[in-house]
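Peer 1: Before I ask anything, here is the structure I am working with.
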Amino acid sequence: MISVVVPCYNEQEALPAFYEEYKKMTSQIPSETFELLLVNDGSKDNTLEVMMDLAARDSEVKYISFSRNFGKEGAIFAGLENSSGDYVVMMDADLQDPPSMLPEMYRAVTEEGYDSVATRRVTRKGEPPIRSFFARRFYSIINRISDTEIVDGARDYRLMNRKFVDALLSLGEYNRFSKGLFGWVGFKTKWLEYENVERVAGETKWSFWKLFAYAIEGIVAFSTAPLQVSALLGVIMSFIAFVAIIFIVVRKLVCGDPVAGWASLASIIVFVGGIQMFFIGVLGEYLAKAYLEIKDRPKYIIDKKNF
Ligand code: UDP
Ligand code: MG
């Protein structure tokens, strides 16, 4: 059996179109049975009603509804945890992850011996240029400072076998950055590429700042380099200060020339103060994440489900 997990947040317009495409796709893999696991991530529109309606018509459709919006990562985790298929595929509700690719993905895990098949989009057509620019910067930075490879343009659209899913579930962290976790667990992964598709209906749930915060989360979750940078910078600045002290003392002894001006002094103090504040902030970011982990709260809370 293949479980198709779909996180949905305010997708009342996209969901019926998705269901239609999904049905077309499942008929192309007649050798498997399917379960469609819809996760309602606290939608404020009629997404849950649409889900219940689909479930009433089709016994293959299961739904889980959260008590509030927990974010896509929570919805992904809930989907994986509640899936029962031998294979699980994650897919967005807006048809930006074309279900038509699934037969090819399925062949890769059943015939070519892969544990998972991932997808990446090779273009960012239809996306605001400034967003693409920052996305590219993010991937180049994180890949330089993290041991886990995080592929540029990778989607969460992925087919996994049970072994892979269980490995993901064994990572119990609260701050989940799936794009990194997928790479972290390892196994044999095949990459398929496709051109960006624009969403079929509704609108994106990600504002620029939400994405920015998500990028910071990814960096904090997969690298401790920012902490090391602060230590390194401390060493460099101490060294410079040491050389400067010797220079000033020698100049005073040789030339008898006192140091003039408080302006230079004030700017140095402010500069150093700024750097210190910045790195206290960096430290705080890691501490805050550790604090959230230690509380060990559930990643989602279920309000309703039909199985
Ligand atoms: N999503 C979710 N919870 C959220 C935000 C998004 O479950 O808090 C779902 C959304 O319904 C969609 C998928 O995650 O199925 C991807 O969201 P979206 O299409 O808005 O992101 P984009 O494709 O623009 O990156
Ligand atoms: Mg989308």
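In the structure tokens, the first chain shown is A, the next is B, and so on; residue numbers restart at 1 for each chain, and ligands run from 1 in the order shown.
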Do you have, as CSV, the list of residues of chain A lying at most 12 Å from ligand 2, each with its nearest atom pair and that distance in Å to one decimal, counting only C-alpha atoms and all ligand atoms and ordered by chain then number?

Peer 2:
residue,atom,partner,partner_atom_place_in_ligand_line,distance
A:Val6,CA,ligand 2,1 (Mg),11.6
A:Pro7,CA,ligand 2,1 (Mg),10.7
A:Cys8,CA,ligand 2,1 (Mg),10.3
A:Tyr9,CA,ligand 2,1 (Mg),10.7
A:Asn10,CA,ligand 2,1 (Mg),11.7
A:Glu11,CA,ligand 2,1 (Mg),10.3
A:Ala14,CA,ligand 2,1 (Mg),10.2
A:Lys72,CA,ligand 2,1 (Mg),11.2
A:Met91,CA,ligand 2,1 (Mg),9.7
A:Asp92,CA,ligand 2,1 (Mg),6.4
A:Ala93,CA,ligand 2,1 (Mg),7.5
A:Asp94,CA,ligand 2,1 (Mg),5.5
A:Leu95,CA,ligand 2,1 (Mg),7.4
A:Gln96,CA,ligand 2,1 (Mg),5.5
A:Asp97,CA,ligand 2,1 (Mg),8.0
A:Pro98,CA,ligand 2,1 (Mg),11.0
A:Gly126,CA,ligand 2,1 (Mg),11.6
A:Glu127,CA,ligand 2,1 (Mg),10.9
A:Arg155,CA,ligand 2,1 (Mg),9.8
A:Asp156,CA,ligand 2,1 (Mg),10.4
A:Tyr157,CA,ligand 2,1 (Mg),10.7
A:Asn196,CA,ligand 2,1 (Mg),10.1
A:Val197,CA,ligand 2,1 (Mg),8.8
A:Glu198,CA,ligand 2,1 (Mg),7.5
A:Arg199,CA,ligand 2,1 (Mg),5.6
A:Val200,CA,ligand 2,1 (Mg),8.7
A:Ala201,CA,ligand 2,1 (Mg),9.5
A:Gly202,CA,ligand 2,1 (Mg),9.3
A:Glu203,CA,ligand 2,1 (Mg),7.8
A:Thr204,CA,ligand 2,1 (Mg),5.8
A:Lys205,CA,ligand 2,1 (Mg),7.9
A:Trp206,CA,ligand 2,1 (Mg),8.9

Peer 1: Just want the 10 Å neighbourhood of Ser230 of chain A, counted on only C-alpha atoms, with same-chain residues fewer than 3 positions away dropped. Output as a PyMOL selection string.

Peer 2: chain A and resi 225-227+233-236+275-276+278-280+282-283

Peer 1: I need the residues in segment 25-240 of chain A that are strand (DSSP E) according to DSSP; give them as a JSON list (two decimals) with all heavy atoms, in the first residue's frame.

Peer 2:
[["chain", "number", "residue", "atom", "x", "y", "z"],
["A", 34, "PHE", "N", -4.12, 2.27, -2.28],
["A", 34, "PHE", "CA", -3.74, 3.60, -1.83],
["A", 34, "PHE", "C", -4.51, 4.02, -0.59],
["A", 34, "PHE", "O", -5.62, 3.56, -0.35],
["A", 34, "PHE", "CB", -4.01, 4.63, -2.93],
["A", 34, "PHE", "CG", -2.95, 4.65, -3.99],
["A", 34, "PHE", "CD1", -3.02, 3.77, -5.06],
["A", 34, "PHE", "CD2", -1.89, 5.53, -3.90],
["A", 34, "PHE", "CE1", -2.03, 3.78, -6.04],
["A", 34, "PHE", "CE2", -0.91, 5.55, -4.87],
["A", 34, "PHE", "CZ", -0.98, 4.67, -5.94],
["A", 35, "GLU", "N", -3.87, 4.92, 0.18],
["A", 35, "GLU", "CA", -4.61, 5.63, 1.23],
["A", 35, "GLU", "C", -4.24, 7.09, 1.06],
["A", 35, "GLU", "O", -3.07, 7.42, 0.87],
["A", 35, "GLU", "CB", -4.25, 5.05, 2.61],
["A", 35, "GLU", "CG", -3.49, 5.95, 3.53],
["A", 35, "GLU", "CD", -3.08, 5.28, 4.84],
["A", 35, "GLU", "OE1", -3.92, 4.61, 5.46],
["A", 35, "GLU", "OE2", -1.91, 5.43, 5.23],
["A", 36, "LEU", "N", -5.24, 7.95, 1.06],
["A", 36, "LEU", "CA", -4.98, 9.39, 0.95],
["A", 36, "LEU", "C", -5.16, 10.00, 2.33],
["A", 36, "LEU", "O", -6.27, 10.01, 2.87],
["A", 36, "LEU", "CB", -5.94, 10.03, -0.06],
["A", 36, "LEU", "CG", -5.85, 11.54, -0.25],
["A", 36, "LEU", "CD1", -4.46, 11.95, -0.72],
["A", 36, "LEU", "CD2", -6.90, 12.04, -1.24],
["A", 37, "LEU", "N", -4.06, 10.45, 2.91],
["A", 37, "LEU", "CA", -4.11, 10.95, 4.28],
["A", 37, "LEU", "C", -4.03, 12.48, 4.25],
["A", 37, "LEU", "O", -2.97, 13.06, 4.00],
["A", 37, "LEU", "CB", -2.93, 10.35, 5.06],
["A", 37, "LEU", "CG", -2.87, 10.55, 6.56],
["A", 37, "LEU", "CD1", -4.17, 10.14, 7.22],
["A", 37, "LEU", "CD2", -1.72, 9.72, 7.12],
["A", 38, "LEU", "N", -5.16, 13.12, 4.46],
["A", 38, "LEU", "CA", -5.22, 14.59, 4.42],
["A", 38, "LEU", "C", -5.05, 15.13, 5.84],
["A", 38, "LEU", "O", -5.74, 14.70, 6.76],
["A", 38, "LEU", "CB", -6.56, 15.04, 3.85],
["A", 38, "LEU", "CG", -6.90, 14.51, 2.45],
["A", 38, "LEU", "CD1", -8.35, 14.82, 2.09],
["A", 38, "LEU", "CD2", -5.95, 15.09, 1.42],
["A", 39, "VAL", "N", -4.13, 16.05, 6.01],
["A", 39, "VAL", "CA", -3.90, 16.62, 7.33],
["A", 39, "VAL", "C", -4.36, 18.08, 7.31],
["A", 39, "VAL", "O", -3.79, 18.90, 6.61],
["A", 39, "VAL", "CB", -2.41, 16.55, 7.73],
["A", 39, "VAL", "CG1", -2.23, 17.08, 9.15],
["A", 39, "VAL", "CG2", -1.90, 15.13, 7.62],
["A", 40, "ASN", "N", -5.41, 18.36, 8.06],
["A", 40, "ASN", "CA", -5.90, 19.74, 8.13],
["A", 40, "ASN", "C", -5.18, 20.48, 9.24],
["A", 40, "ASN", "O", -5.41, 20.24, 10.41],
["A", 40, "ASN", "CB", -7.42, 19.74, 8.37],
["A", 40, "ASN", "CG", -7.95, 21.14, 8.58],
["A", 40, "ASN", "OD1", -7.41, 22.11, 8.05],
["A", 40, "ASN", "ND2", -9.02, 21.25, 9.36],
["A", 61, "VAL", "N", -10.02, 7.76, 1.56],
["A", 61, "VAL", "CA", -9.63, 9.07, 2.08],
["A", 61, "VAL", "C", -9.72, 9.08, 3.61],
["A", 61, "VAL", "O", -10.76, 8.78, 4.19],
["A", 61, "VAL", "CB", -10.52, 10.20, 1.51],
["A", 61, "VAL", "CG1", -10.14, 11.54, 2.11],
["A", 61, "VAL", "CG2", -10.43, 10.23, 0.00],
["A", 62, "LYS", "N", -8.57, 9.41, 4.24],
["A", 62, "LYS", "CA", -8.56, 9.57, 5.69],
["A", 62, "LYS", "C", -8.19, 11.00, 6.00],
["A", 62, "LYS", "O", -7.46, 11.62, 5.23],
["A", 62, "LYS", "CB", -7.51, 8.65, 6.30],
["A", 62, "LYS", "CG", -7.81, 7.19, 6.12],
["A", 62, "LYS", "CD", -6.70, 6.38, 6.72],
["A", 62, "LYS", "CE", -7.04, 4.90, 6.67],
["A", 62, "LYS", "NZ", -5.92, 4.10, 7.17],
["A", 63, "TYR", "N", -8.68, 11.51, 7.11],
["A", 63, "TYR", "CA", -8.25, 12.86, 7.47],
["A", 63, "TYR", "C", -7.92, 12.97, 8.95],
["A", 63, "TYR", "O", -8.44, 12.23, 9.78],
["A", 63, "TYR", "CB", -9.28, 13.92, 7.06],
["A", 63, "TYR", "CG", -10.61, 13.80, 7.77],
["A", 63, "TYR", "CD1", -10.79, 14.33, 9.06],
["A", 63, "TYR", "CD2", -11.69, 13.18, 7.15],
["A", 63, "TYR", "CE1", -12.00, 14.21, 9.70],
["A", 63, "TYR", "CE2", -12.90, 13.06, 7.80],
["A", 63, "TYR", "CZ", -13.06, 13.57, 9.08],
["A", 63, "TYR", "OH", -14.25, 13.45, 9.73],
["A", 64, "ILE", "N", -7.02, 13.90, 9.22],
["A", 64, "ILE", "CA", -6.67, 14.26, 10.59],
["A", 64, "ILE", "C", -6.85, 15.76, 10.66],
["A", 64, "ILE", "O", -6.40, 16.46, 9.76],
["A", 64, "ILE", "CB", -5.19, 13.96, 10.89],
["A", 64, "ILE", "CG1", -4.90, 12.47, 10.75],
["A", 64, "ILE", "CG2", -4.80, 14.45, 12.27],
["A", 64, "ILE", "CD1", -3.43, 12.14, 10.88],
["A", 65, "SER", "N", -7.50, 16.24, 11.70],
["A", 65, "SER", "CA", -7.67, 17.68, 11.80],
["A", 65, "SER", "C", -7.05, 18.18, 13.10],
["A", 65, "SER", "O", -7.35, 17.67, 14.18],
["A", 65, "SER", "CB", -9.16, 18.01, 11.74],
["A", 65, "SER", "OG", -9.33, 19.39, 11.71],
["A", 66, "PHE", "N", -6.16, 19.15, 13.00],
["A", 66, "PHE", "CA", -5.47, 19.69, 14.18],
["A", 66, "PHE", "C", -6.36, 20.67, 14.94],
["A", 66, "PHE", "O", -7.28, 21.25, 14.38],
["A", 66, "PHE", "CB", -4.20, 20.43, 13.77],
["A", 66, "PHE", "CG", -3.08, 19.55, 13.29],
["A", 66, "PHE", "CD1", -1.91, 20.12, 12.82],
["A", 66, "PHE", "CD2", -3.18, 18.17, 13.34],
["A", 66, "PHE", "CE1", -0.86, 19.32, 12.38],
["A", 66, "PHE", "CE2", -2.13, 17.36, 12.90],
["A", 66, "PHE", "CZ", -0.98, 17.95, 12.41],
["A", 87, "TYR", "N", 4.88, 2.30, 1.46],
["A", 87, "TYR", "CA", 5.54, 3.49, 0.93],
["A", 87, "TYR", "C", 4.71, 4.69, 1.33],
["A", 87, "TYR", "O", 3.49, 4.61, 1.43],
["A", 87, "TYR", "CB", 5.63, 3.43, -0.60],
["A", 87, "TYR", "CG", 6.42, 2.25, -1.08],
["A", 87, "TYR", "CD1", 5.78, 1.10, -1.54],
["A", 87, "TYR", "CD2", 7.81, 2.27, -1.06],
["A", 87, "TYR", "CE1", 6.50, 0.01, -1.97],
["A", 87, "TYR", "CE2", 8.54, 1.18, -1.48],
["A", 87, "TYR", "CZ", 7.89, 0.05, -1.93],
["A", 87, "TYR", "OH", 8.61, -1.04, -2.34],
["A", 88, "VAL", "N", 5.40, 5.82, 1.57],
["A", 88, "VAL", "CA", 4.69, 7.05, 1.90],
["A", 88, "VAL", "C", 5.17, 8.14, 0.96],
["A", 88, "VAL", "O", 6.37, 8.25, 0.72],
["A", 88, "VAL", "CB", 4.97, 7.48, 3.37],
["A", 88, "VAL", "CG1", 4.23, 8.77, 3.69],
["A", 88, "VAL", "CG2", 4.56, 6.38, 4.33],
["A", 89, "VAL", "N", 4.25, 8.90, 0.43],
["A", 89, "VAL", "CA", 4.65, 10.04, -0.38],
["A", 89, "VAL", "C", 4.04, 11.32, 0.19],
["A", 89, "VAL", "O", 2.89, 11.37, 0.57],
["A", 89, "VAL", "CB", 4.30, 9.83, -1.89],
["A", 89, "VAL", "CG1", 2.84, 9.51, -2.08],
["A", 89, "VAL", "CG2", 4.69, 11.03, -2.72],
["A", 90, "MET", "N", 4.90, 12.34, 0.31],
["A", 90, "MET", "CA", 4.47, 13.66, 0.80],
["A", 90, "MET", "C", 4.16, 14.51, -0.43],
["A", 90, "MET", "O", 4.93, 14.52, -1.37],
["A", 90, "MET", "CB", 5.62, 14.40, 1.48],
["A", 90, "MET", "CG", 6.27, 13.73, 2.66],
["A", 90, "MET", "SD", 5.18, 13.66, 4.05],
["A", 90, "MET", "CE", 4.25, 15.16, 3.82],
["A", 116, "SER", "N", 14.37, 6.11, -1.32],
["A", 116, "SER", "CA", 13.48, 7.25, -1.44],
["A", 116, "SER", "C", 13.74, 7.96, -2.77],
["A", 116, "SER", "O", 14.81, 7.84, -3.34],
["A", 116, "SER", "CB", 13.66, 8.20, -0.25],
["A", 116, "SER", "OG", 14.50, 9.27, -0.58],
["A", 117, "VAL", "N", 12.72, 8.64, -3.24],
["A", 117, "VAL", "CA", 12.87, 9.42, -4.46],
["A", 117, "VAL", "C", 12.46, 10.85, -4.14],
["A", 117, "VAL", "O", 11.35, 11.10, -3.66],
["A", 117, "VAL", "CB", 11.97, 8.88, -5.59],
["A", 117, "VAL", "CG1", 12.23, 9.65, -6.87],
["A", 117, "VAL", "CG2", 12.21, 7.41, -5.80],
["A", 118, "ALA", "N", 13.38, 11.78, -4.36],
["A", 118, "ALA", "CA", 13.11, 13.17, -4.03],
["A", 118, "ALA", "C", 13.00, 13.99, -5.31],
["A", 118, "ALA", "O", 13.42, 13.55, -6.37],
["A", 118, "ALA", "CB", 14.25, 13.71, -3.17],
["A", 119, "THR", "N", 12.43, 15.16, -5.18],
["A", 119, "THR", "CA", 12.28, 16.01, -6.36],
["A", 119, "THR", "C", 12.87, 17.38, -6.09],
["A", 119, "THR", "O", 12.87, 17.87, -4.97],
["A", 119, "THR", "CB", 10.79, 16.21, -6.69],
["A", 119, "THR", "OG1", 10.16, 16.80, -5.56],
["A", 119, "THR", "CG2", 10.12, 14.90, -7.05],
["A", 120, "ARG", "N", 13.41, 17.98, -7.13],
["A", 120, "ARG", "CA", 13.83, 19.37, -7.01],
["A", 120, "ARG", "C", 13.41, 20.13, -8.25],
["A", 120, "ARG", "O", 13.37, 19.60, -9.34],
["A", 120, "ARG", "CB", 15.34, 19.49, -6.79],
["A", 120, "ARG", "CG", 16.21, 19.00, -7.93],
["A", 120, "ARG", "CD", 17.67, 19.09, -7.53],
["A", 120, "ARG", "NE", 18.11, 20.47, -7.57],
["A", 120, "ARG", "CZ", 18.89, 20.98, -8.54],
["A", 120, "ARG", "NH1", 19.30, 20.22, -9.53],
["A", 120, "ARG", "NH2", 19.26, 22.24, -8.51],
["A", 121, "ARG", "N", 13.04, 21.39, -8.03],
["A", 121, "ARG", "CA", 12.67, 22.18, -9.20],
["A", 121, "ARG", "C", 13.90, 22.92, -9.67],
["A", 121, "ARG", "O", 14.68, 23.45, -8.87],
["A", 121, "ARG", "CB", 11.51, 23.12, -8.91],
["A", 121, "ARG", "CG", 11.48, 23.63, -7.52],
["A", 121, "ARG", "CD", 10.37, 24.59, -7.33],
["A", 121, "ARG", "NE", 10.76, 25.45, -6.20],
["A", 121, "ARG", "CZ", 10.07, 26.44, -5.74],
["A", 121, "ARG", "NH1", 8.94, 26.74, -6.32],
["A", 121, "ARG", "NH2", 10.49, 27.16, -4.74],
["A", 154, "ALA", "N", 15.11, 21.81, -3.59],
["A", 154, "ALA", "CA", 14.47, 20.55, -3.19],
["A", 154, "ALA", "C", 13.07, 20.85, -2.66],
["A", 154, "ALA", "O", 12.85, 21.82, -1.94],
["A", 154, "ALA", "CB", 15.29, 19.86, -2.11],
["A", 155, "ARG", "N", 12.13, 20.01, -3.05],
["A", 155, "ARG", "CA", 10.77, 20.13, -2.54],
["A", 155, "ARG", "C", 10.62, 19.14, -1.39],
["A", 155, "ARG", "O", 11.48, 18.28, -1.18],
["A", 155, "ARG", "CB", 9.78, 19.77, -3.65],
["A", 155, "ARG", "CG", 9.92, 20.60, -4.90],
["A", 155, "ARG", "CD", 9.29, 21.94, -4.76],
["A", 155, "ARG", "NE", 7.87, 21.83, -4.43],
["A", 155, "ARG", "CZ", 7.12, 22.86, -4.05],
["A", 155, "ARG", "NH1", 7.65, 24.06, -3.96],
["A", 155, "ARG", "NH2", 5.85, 22.71, -3.77],
["A", 156, "ASP", "N", 9.51, 19.24, -0.68],
["A", 156, "ASP", "CA", 9.21, 18.20, 0.30],
["A", 156, "ASP", "C", 8.53, 17.02, -0.38],
["A", 156, "ASP", "O", 8.24, 16.02, 0.25],
["A", 156, "ASP", "CB", 8.31, 18.74, 1.42],
["A", 156, "ASP", "CG", 9.05, 19.75, 2.29],
["A", 156, "ASP", "OD1", 10.29, 19.64, 2.41],
["A", 156, "ASP", "OD2", 8.40, 20.65, 2.84],
["A", 157, "TYR", "N", 8.29, 17.15, -1.70],
["A", 157, "TYR", "CA", 7.65, 16.09, -2.49],
["A", 157, "TYR", "C", 8.60, 14.90, -2.59],
["A", 157, "TYR", "O", 9.63, 14.98, -3.22],
["A", 157, "TYR", "CB", 7.34, 16.65, -3.88],
["A", 157, "TYR", "CG", 6.57, 15.74, -4.81],
["A", 157, "TYR", "CD1", 5.80, 14.69, -4.33],
["A", 157, "TYR", "CD2", 6.60, 15.96, -6.18],
["A", 157, "TYR", "CE1", 5.08, 13.89, -5.19],
["A", 157, "TYR", "CE2", 5.88, 15.17, -7.06],
["A", 157, "TYR", "CZ", 5.13, 14.13, -6.57],
["A", 157, "TYR", "OH", 4.43, 13.34, -7.43],
["A", 158, "ARG", "N", 8.23, 13.81, -1.94],
["A", 158, "ARG", "CA", 9.17, 12.71, -1.81],
["A", 158, "ARG", "C", 8.44, 11.40, -1.55],
["A", 158, "ARG", "O", 7.47, 11.36, -0.80],
["A", 158, "ARG", "CB", 10.09, 13.02, -0.63],
["A", 158, "ARG", "CG", 11.28, 12.13, -0.47],
["A", 158, "ARG", "CD", 12.04, 12.54, 0.76],
["A", 158, "ARG", "NE", 13.01, 13.59, 0.49],
["A", 158, "ARG", "CZ", 14.32, 13.36, 0.32],
["A", 158, "ARG", "NH1", 14.79, 12.15, 0.41],
["A", 158, "ARG", "NH2", 15.14, 14.36, 0.08],
["A", 159, "LEU", "N", 8.91, 10.36, -2.18],
["A", 159, "LEU", "CA", 8.39, 9.01, -1.93],
["A", 159, "LEU", "C", 9.43, 8.25, -1.12],
["A", 159, "LEU", "O", 10.61, 8.28, -1.44],
["A", 159, "LEU", "CB", 8.13, 8.30, -3.28],
["A", 159, "LEU", "CG", 7.68, 6.83, -3.21],
["A", 159, "LEU", "CD1", 6.33, 6.71, -2.53],
["A", 159, "LEU", "CD2", 7.59, 6.24, -4.61],
["A", 160, "MET", "N", 8.97, 7.61, -0.03],
["A", 160, "MET", "CA", 9.91, 6.94, 0.87],
["A", 160, "MET", "C", 9.42, 5.53, 1.16],
["A", 160, "MET", "O", 8.21, 5.30, 1.20],
["A", 160, "MET", "CB", 9.97, 7.67, 2.21],
["A", 160, "MET", "CG", 10.39, 9.12, 2.11],
["A", 160, "MET", "SD", 9.83, 10.03, 3.56],
["A", 160, "MET", "CE", 8.37, 10.81, 2.92],
["A", 161, "ASN", "N", 10.34, 4.62, 1.40],
["A", 161, "ASN", "CA", 9.87, 3.31, 1.87],
["A", 161, "ASN", "C", 9.76, 3.33, 3.40],
["A", 161, "ASN", "O", 10.12, 4.32, 4.05],
["A", 161, "ASN", "CB", 10.77, 2.17, 1.36],
["A", 161, "ASN", "CG", 12.20, 2.28, 1.84],
["A", 161, "ASN", "OD1", 12.49, 3.05, 2.76],
["A", 161, "ASN", "ND2", 13.10, 1.53, 1.21],
["A", 189, "THR", "N", 18.98, 7.77, -2.25],
["A", 189, "THR", "CA", 17.92, 8.64, -2.75],
["A", 189, "THR", "C", 18.14, 8.98, -4.21],
["A", 189, "THR", "O", 19.24, 9.33, -4.61],
["A", 189, "THR", "CB", 17.87, 9.94, -1.92],
["A", 189, "THR", "OG1", 17.53, 9.61, -0.58],
["A", 189, "THR", "CG2", 16.83, 10.90, -2.47],
["A", 190, "LYS", "N", 17.09, 8.86, -4.99],
["A", 190, "LYS", "CA", 17.17, 9.28, -6.40],
["A", 190, "LYS", "C", 16.54, 10.66, -6.53],
["A", 190, "LYS", "O", 15.51, 10.93, -5.91],
["A", 190, "LYS", "CB", 16.40, 8.27, -7.26],
["A", 190, "LYS", "CG", 16.42, 8.62, -8.74],
["A", 190, "LYS", "CD", 15.73, 7.54, -9.56],
["A", 190, "LYS", "CE", 15.86, 7.89, -11.04],
["A", 190, "LYS", "NZ", 15.41, 6.81, -11.90],
["A", 191, "TRP", "N", 17.17, 11.53, -7.32],
["A", 191, "TRP", "CA", 16.63, 12.88, -7.51],
["A", 191, "TRP", "C", 16.01, 13.03, -8.87],
["A", 191, "TRP", "O", 16.62, 12.70, -9.89],
["A", 191, "TRP", "CB", 17.74, 13.93, -7.33],
["A", 191, "TRP", "CG", 18.10, 14.11, -5.90],
["A", 191, "TRP", "CD1", 19.06, 13.43, -5.20],
["A", 191, "TRP", "CD2", 17.47, 15.01, -4.97],
["A", 191, "TRP", "NE1", 19.07, 13.86, -3.89],
["A", 191, "TRP", "CE2", 18.11, 14.82, -3.72],
["A", 191, "TRP", "CE3", 16.44, 15.94, -5.07],
["A", 191, "TRP", "CZ2", 17.75, 15.54, -2.59],
["A", 191, "TRP", "CZ3", 16.08, 16.66, -3.93],
["A", 191, "TRP", "CH2", 16.73, 16.45, -2.71],
["A", 192, "LEU", "N", 14.79, 13.52, -8.90],
["A", 192, "LEU", "CA", 14.14, 13.83, -10.16],
["A", 192, "LEU", "C", 13.99, 15.35, -10.26],
["A", 192, "LEU", "O", 13.74, 16.01, -9.26],
["A", 192, "LEU", "CB", 12.74, 13.19, -10.22],
["A", 192, "LEU", "CG", 12.67, 11.67, -10.12],
["A", 192, "LEU", "CD1", 11.21, 11.24, -10.18],
["A", 192, "LEU", "CD2", 13.44, 11.02, -11.24],
["A", 193, "GLU", "N", 14.14, 15.87, -11.46],
["A", 193, "GLU", "CA", 14.06, 17.32, -11.62],
["A", 193, "GLU", "C", 12.83, 17.70, -12.43],
["A", 193, "GLU", "O", 12.40, 16.94, -13.28],
["A", 193, "GLU", "CB", 15.32, 17.83, -12.32],
["A", 193, "GLU", "CG", 16.55, 17.57, -11.48],
["A", 193, "GLU", "CD", 17.81, 18.15, -12.08],
["A", 193, "GLU", "OE1", 17.80, 18.48, -13.26],
["A", 193, "GLU", "OE2", 18.80, 18.28, -11.32],
["A", 194, "TYR", "N", 12.29, 18.84, -12.10],
["A", 194, "TYR", "CA", 11.17, 19.33, -12.91],
["A", 194, "TYR", "C", 11.10, 20.85, -12.88],
["A", 194, "TYR", "O", 11.71, 21.48, -12.04],
["A", 194, "TYR", "CB", 9.86, 18.68, -12.48],
["A", 194, "TYR", "CG", 9.32, 19.11, -11.13],
["A", 194, "TYR", "CD1", 8.28, 20.04, -11.05],
["A", 194, "TYR", "CD2", 9.82, 18.58, -9.96],
["A", 194, "TYR", "CE1", 7.78, 20.44, -9.81],
["A", 194, "TYR", "CE2", 9.32, 18.96, -8.73],
["A", 194, "TYR", "CZ", 8.30, 19.88, -8.66],
["A", 194, "TYR", "OH", 7.81, 20.28, -7.45]]

Peer 1: Please measure the separation of atom CA of Met52 of chain A and atom CA of Phe77 of chain A, giving the value in Å to one decimal.

Peer 2: 21.1 Å

Peer 1: Which of segment 20-122 of chain A counts as alpha helix (DSSP H) under DSSP, as a PyMOL selection string please?

Peer 2: chain A and resi 20-26+47-57+72-82+102-110

Peer 1: Go ahead and save the residues from that selection, with C-alpha atoms, as an mmCIF file, in the first residue's frame.

Peer 2:
data_model
loop_
_atom_site.group_PDB
_atom_site.id
_atom_site.type_symbol
_atom_site.label_atom_id
_atom_site.label_comp_id
_atom_site.auth_asym_id
_atom_site.auth_seq_id
_atom_site.Cartn_x
_atom_site.Cartn_y
_atom_site.Cartn_z
ATOM 1 C CA GLU A 20 -9.110 14.695 -9.233
ATOM 2 C CA GLU A 21 -5.439 14.591 -10.258
ATOM 3 C CA TYR A 22 -4.718 12.140 -7.461
ATOM 4 C CA LYS A 23 -7.375 9.755 -8.745
ATOM 5 C CA LYS A 24 -5.952 9.927 -12.276
ATOM 6 C CA MET A 25 -2.532 9.073 -10.898
ATOM 7 C CA THR A 26 -3.624 6.124 -8.726
ATOM 8 C CA THR A 47 -10.959 22.781 4.163
ATOM 9 C CA LEU A 48 -12.167 20.340 6.821
ATOM 10 C CA GLU A 49 -15.672 20.202 5.301
ATOM 11 C CA VAL A 50 -14.134 19.478 1.892
ATOM 12 C CA MET A 51 -12.095 16.677 3.463
ATOM 13 C CA MET A 52 -15.113 15.176 5.227
ATOM 14 C CA ASP A 53 -17.021 15.320 1.992
ATOM 15 C CA LEU A 54 -14.259 13.473 0.123
ATOM 16 C CA ALA A 55 -14.005 10.910 2.919
ATOM 17 C CA ALA A 56 -17.754 10.267 2.772
ATOM 18 C CA ARG A 57 -17.525 9.524 -0.950
ATOM 19 C CA LYS A 72 3.631 22.429 7.713
ATOM 20 C CA GLU A 73 6.389 20.579 9.584
ATOM 21 C CA GLY A 74 3.911 19.444 12.254
ATOM 22 C CA ALA A 75 1.496 18.341 9.550
ATOM 23 C CA ILE A 76 4.227 16.346 7.790
ATOM 24 C CA PHE A 77 5.150 14.629 11.054
ATOM 25 C CA ALA A 78 1.526 13.767 11.831
ATOM 26 C CA GLY A 79 1.116 12.350 8.333
ATOM 27 C CA LEU A 80 4.176 10.142 8.647
ATOM 28 C CA GLU A 81 3.210 8.990 12.117
ATOM 29 C CA ASN A 82 -0.325 8.039 11.101
ATOM 30 C CA LEU A 102 4.459 9.366 -9.023
ATOM 31 C CA PRO A 103 4.495 6.339 -11.351
ATOM 32 C CA GLU A 104 8.125 7.129 -12.214
ATOM 33 C CA MET A 105 8.970 7.597 -8.531
ATOM 34 C CA TYR A 106 7.272 4.333 -7.704
ATOM 35 C CA ARG A 107 9.359 2.473 -10.289
ATOM 36 C CA ALA A 108 12.545 3.815 -8.728
ATOM 37 C CA VAL A 109 11.764 2.387 -5.285
ATOM 38 C CA THR A 110 10.286 -0.910 -6.441
#

Peer 1: Distance atom CA of Gly42 of chain A-atom CA of Ser67 of chain A, one decimal place?

Peer 2: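 Atom CA of Gly42 of chain A sits 6.1 Å away from atom CA of Ser67 of chain A.
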
Peer 1: With a distance cut-off of 12 Å and only C-alpha atoms, select the neighbouring residues of segment 129-142 of chain A, excluding the residue or stretch itself and same-chain residues fewer than 3 positions from it, and output the selection as a PyMOL selection string.

Peer 2: chain A and resi 122-126+145-154+179-180+206-226

Peer 1: Tell me, in Å to one decimal, how far atom CA of Gly183 of chain A is from atom CA of Ile2 of chain A.

Peer 2: 21.7 Å
